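Trainee: Below you'll find the structure I mean.
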Amino acid sequence: MAQINAKTVDKFGVPTTSNNGAGILMPKLKFRFRVMFAAGFGAAGSDTLAITQNVQNVTRPKVAYEEVPIDSYNSKVYIQGKHTWEPITLVIRDDIRNQVAKAVGQQNMKQLNHFSQTAPVSGADYKFDMLIEVLDGQTADATESWALEGCFITQTDYSDSDYATNEPVQITMTIRFDNAIHQDPESGTIVSDAATGLFPETVPTYQPGGRTG
């Protein structure tokens, strides 16, 4: 049987310094992800696994830097000011046993008790941590993660009911957070680079329930 020796796999992609491409890297696929909650979401013992199993979609972190204008003689230049992490949106399906609604309701009551009209005395009393992970479709191990710290809910939308649709009821949460660390399982952080001095210290890998070294 004749053998085919032609190789075209290295010709795909955008050519740079030669006529050949460098090949196309496998992209991360939007539907391969997982959202985990650390201890602290809702009341003690809240079933956060039920939320993980019913997540429909989530937005990835977005950061913006303020511009500070510096006026000097005939010109104007800009330097970087403070940064802001934009809130994310998490959409989850509302299950028939109310496990999801119960956990979300407990977190909302933790931030403000709507019955007694009492509020916590500090952010540590109601804030939680969460993890957005990218999966490869082969194992349960994450290939990338965003560790979000100091999270709390700023808006909860319990959706609506409609005789004319077949769609599941969803709960949409807007979540504000204080900081986000972009990580991979090997280097500990996506931006780690010993040569340039970025994150020269060891950044521990985030785990649900806290951080481990």
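Scheme for the structure tokens: letters A, B, ... for chains in order shown; per-chain residue numbers from 1; ligand numbers from 1 in order shown.
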Using DSSP on the backbone coordinates, identify all residues within region 26-56 of chain A classified as helix (DSSP H, G or I); present the result as an NGL selection string.
Mentor: :A and (48-54)
Trainee: Using only C-alpha atoms, which residues sit within 12 Å of region 162-174 of chain A once same-chain residues fewer than 3 positions away are excluded, as an NGL selection string?
Mentor: :A and (51 or 54-59 or 86-96 or 98 or 100-105 or 107-108 or 151-159 or 177)
Trainee: Of the candidates A:Leu112, A:Met26, A:Val134, A:Ala140, which one gets nearest to Gln183 (chain A) if we count only C-alpha atoms?
Mentor: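 The answer is A:Val134, which sits nearest to Gln183 (chain A).
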Trainee: Hey, what's within 9 Å of Asp178 (chain A) if we count only C-alpha atoms and toss same-chain stuff fewer than 6 positions away? As an MDAnalysis selection string, please?
Mentor: chainID A and resid 84:85 148:151
Trainee: Those same residues, written as a PDB file, in the first residue's frame with N, CA and C atoms?
Mentor:
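Output (result.pdb):
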ATOM      1  N   THR A  84      -9.715  49.065  38.633  1.00  0.00           N
ATOM      2  CA  THR A  84     -11.005  48.579  39.102  1.00  0.00           C
ATOM      3  C   THR A  84     -11.300  47.238  38.458  1.00  0.00           C
ATOM      4  N   TRP A  85     -11.622  46.255  39.284  1.00  0.00           N
ATOM      5  CA  TRP A  85     -12.110  44.982  38.775  1.00  0.00           C
ATOM      6  C   TRP A  85     -13.613  45.118  38.569  1.00  0.00           C
ATOM      7  N   LEU A 148     -11.009  34.533  42.734  1.00  0.00           N
ATOM      8  CA  LEU A 148     -11.636  35.810  43.072  1.00  0.00           C
ATOM      9  C   LEU A 148     -11.775  35.913  44.588  1.00  0.00           C
ATOM     10  N   GLU A 149     -11.260  37.012  45.150  1.00  0.00           N
ATOM     11  CA  GLU A 149     -11.253  37.192  46.598  1.00  0.00           C
ATOM     12  C   GLU A 149     -12.140  38.369  47.007  1.00  0.00           C
ATOM     13  N   GLY A 150     -12.709  38.276  48.204  1.00  0.00           N
ATOM     14  CA  GLY A 150     -13.524  39.360  48.733  1.00  0.00           C
ATOM     15  C   GLY A 150     -14.808  39.567  47.956  1.00  0.00           C
ATOM     16  N   CYS A 151     -15.498  38.479  47.612  1.00  0.00           N
ATOM     17  CA  CYS A 151     -16.709  38.563  46.790  1.00  0.00           C
ATOM     18  C   CYS A 151     -17.961  38.827  47.628  1.00  0.00           C
TER      19      CYS A 151
END
Trainee: When distances are computed from only C-alpha atoms, which of A:His83, A:Arg34, A:His182, A:Arg60 shows the smallest separation from Ala147 (chain A)?
Mentor: A:His182
Trainee: For the strand (DSSP E or B) assignment from backbone DSSP, which residues of region 13-160 of chain A qualify? Please present them as JSON, numbers by chain.
Mentor: {"A": [33, 34, 35, 36, 37, 55, 56, 57, 58, 63, 64, 65, 66, 67, 68, 69, 70, 71, 72, 75, 76, 77, 78, 79, 80, 81, 82, 83, 84, 85, 88, 89, 90, 91, 92, 93, 113, 118, 128, 129, 130, 131, 132, 133, 134, 135, 142, 143, 144, 145, 146, 147, 148, 149, 150, 151, 152, 153, 154, 155, 156, 157]}
Trainee: Find the residues around Tyr126 (chain A) up to 6 Å (only C-alpha atoms counted), leave out those fewer than 3 positions away in its own chain, and share them as a ChimeraX atom specification.
Mentor: /A:110-111,123
Trainee: Quick one: of A:Pro120, A:Pro185, A:Gly137, A:Gly81, who's nearest to Phe31 (chain A), counting only C-alpha atoms?
Mentor: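 Counting only C-alpha atoms, the residue closest to Phe31 (chain A) is A:Gly137.
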